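Participant: Before I ask anything, let me first share the structure, which is written out below as structure tokens.
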Amino acid sequence: MKNQSLRLILLTVCALLSLLATVEAQSSRPRRVTTPPPDTLLGPEPKSSPATDKNAPLLDVKPAKPVGSAPASSDTTHAYQLFQQKQYAAAAQEAKQIAASDPANSEAWKLAGFSEFYLKQYAEAADDLQRALDLQRRAGQEDSHTVDALAESYALAEKFDRALPLLVAVTDKPGAKPDPRFLYFRGLAELKTGKTADAERSFNAAIKANPKDAASLLYLSQIALTRNDLDTAISTLNRATLNDPRLASAWLMLTSAYLRRAASAADEEKAGADYLGAVRSGETLTRLRTDEEAMGLYARALIGAKQYARAAWHWNEPRQMKTQPA
């Protein structure tokens, strides 16, 4: 009996040990985990996209096709490329689209303004460049190129009261040599706003900086004629026509000035010399203009010089074809 009881105990212990070994082996194997279904059909909430770095290198910019006519971003890179390729209309359109969606983008307004300037749309250019400058000043980053282009745009758009403060600032920079072109525009703005004495100084400064500035010489002549300073006017107009022989308005003023001085001369010899001067300038004038005003001045010069046959022919020449008398 004892032997049977002992054998039964041993069998029970072996069975328990075998069961423990099986459980231990099973516990060391990896468990199969079933992924729970998402909470919704759309899955988890998507993460927000990273913010665009506007200062990233150009190589990092990836072109994207915009929907409709809207710009893909606030990046003016492509518009600037169009500008460099002299596609000014396309550059202006794209820059304006960017500015419309991002009104605080000073570069977009600036690029639109420069493009319109080259399209000779000076009033539109001035409006957009003014917006660019306002934004630059607000950010403490005023750009001299924007100021220059805005000043010139206002002058060419004949908004002289708006142009003048900018032109004064541009030409009065301490330590900088003024650009003759901006000195001319300053003189023009001063003249058109009634500041004649200031205009005369600016035109003289422009000529000093660029002795071949025929436009400034022309306006100085006009100022001299206004105060009846015929000697200065004739001298200045001769310089203007020498610098630009095709400046018809200068030849017209010169012929008229010679006639005025000849008519007021007390000395017949001086009057005769001025009439001959009027004949010479009038002859050049009629090569550039054949309207009644030009032909009339030339005829008056010929009559004053007692060249009556030539005067009659030139007066009638536009109306009927004739052979010029020898």
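Following the order of the structure tokens, chains are lettered A, B, ..., residues in each are numbered from 1, and ligands are numbered from 1.
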Write out as a PyMOL selection string the set of residues from stretch 69-270 of chain A that DSSP, computed on the backbone, places in helix (DSSP H, G or I).
Facilitator: chain A and resi 77-84+88-101+106-118+122-138+144-156+160-171+180-192+196-209+214-226+230-243+248-264+268-270
Participant: Applying 12 Å and only C-alpha atoms, which residues near A:Ser106 remain after dropping the ones on its own chain fewer than 6 positions away? List them as a list in words.
Facilitator: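 Returned residues: Ser74, Asp75, Thr76, Ala95, Lys96, Ile98, Ala99, Ala100, Ala112, Gly113, Asp128, Leu129, Gln130, Arg131, Ala132, Leu133, Asp134, Leu135, Gln136, Arg137, Arg138, Ala139, Gln141, Glu142, Asp143 and Thr146 of chain A.
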Participant: Let me make sure I understand: among A:Leu225, A:Ala301, A:Ala189, A:Ala214, which one has the smallest atom-to-atom distance to A:Thr255 if we use only C-alpha atoms?
Facilitator: A:Ala301
Participant: Residues near stretch 278-283 of chain A, anyone? I mean within 8 Å using only C-alpha atoms, not counting same-chain ones fewer than 6 positions away, as a ChimeraX atom specification.
Facilitator: /A:251-252,254-256,258-259,294,297-298,301-302,305
Participant: Take the residues from that selection and write them out as a compact mmCIF listing (two decimals), in the first residue's frame, keeping N, CA and C atoms.
Facilitator:
# COMPACT_ATOMS: atom_id res chain seq x y z
N TRP A 251 14.33 125.20 -81.12
CA TRP A 251 14.49 125.99 -82.35
C TRP A 251 13.37 127.01 -82.49
N LEU A 252 12.16 126.62 -82.11
CA LEU A 252 11.02 127.54 -82.17
C LEU A 252 11.24 128.72 -81.23
N LEU A 254 14.07 129.77 -80.02
CA LEU A 254 15.25 130.53 -80.44
C LEU A 254 14.90 131.49 -81.58
N THR A 255 14.14 131.02 -82.55
CA THR A 255 13.72 131.89 -83.66
C THR A 255 12.88 133.05 -83.14
N SER A 256 11.96 132.74 -82.23
CA SER A 256 11.12 133.77 -81.66
C SER A 256 11.94 134.78 -80.85
N TYR A 258 15.16 135.58 -81.25
CA TYR A 258 15.91 136.43 -82.18
C TYR A 258 15.01 137.53 -82.76
N LEU A 259 13.79 137.17 -83.13
CA LEU A 259 12.87 138.15 -83.70
C LEU A 259 12.52 139.23 -82.68
N ALA A 294 5.42 127.33 -87.29
CA ALA A 294 6.84 127.28 -87.65
C ALA A 294 7.09 128.01 -88.96
N LEU A 297 6.90 131.86 -88.45
CA LEU A 297 8.08 132.44 -87.82
C LEU A 297 9.22 132.56 -88.82
N TYR A 298 9.40 131.52 -89.62
CA TYR A 298 10.48 131.55 -90.60
C TYR A 298 10.24 132.64 -91.64
N ALA A 301 11.17 135.94 -90.19
CA ALA A 301 12.63 136.10 -90.15
C ALA A 301 13.16 136.49 -91.53
N LEU A 302 12.64 135.85 -92.58
CA LEU A 302 13.09 136.16 -93.95
C LEU A 302 12.70 137.59 -94.34
N ALA A 305 14.97 139.95 -92.66
CA ALA A 305 16.28 139.94 -93.32
C ALA A 305 16.18 140.43 -94.76
Participant: Determine the nearest neighbour of A:Asp198 from the options A:Leu119, A:Leu276, A:Val168, A:Ala215, counting only C-alpha atoms.
Facilitator: A:Val168
Participant: Quick check, in Å to one decimal: how far apart do atom CA of A:Ala123 and atom CA of A:Ala240 lie?
Facilitator: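 The value is 29.6 Å.
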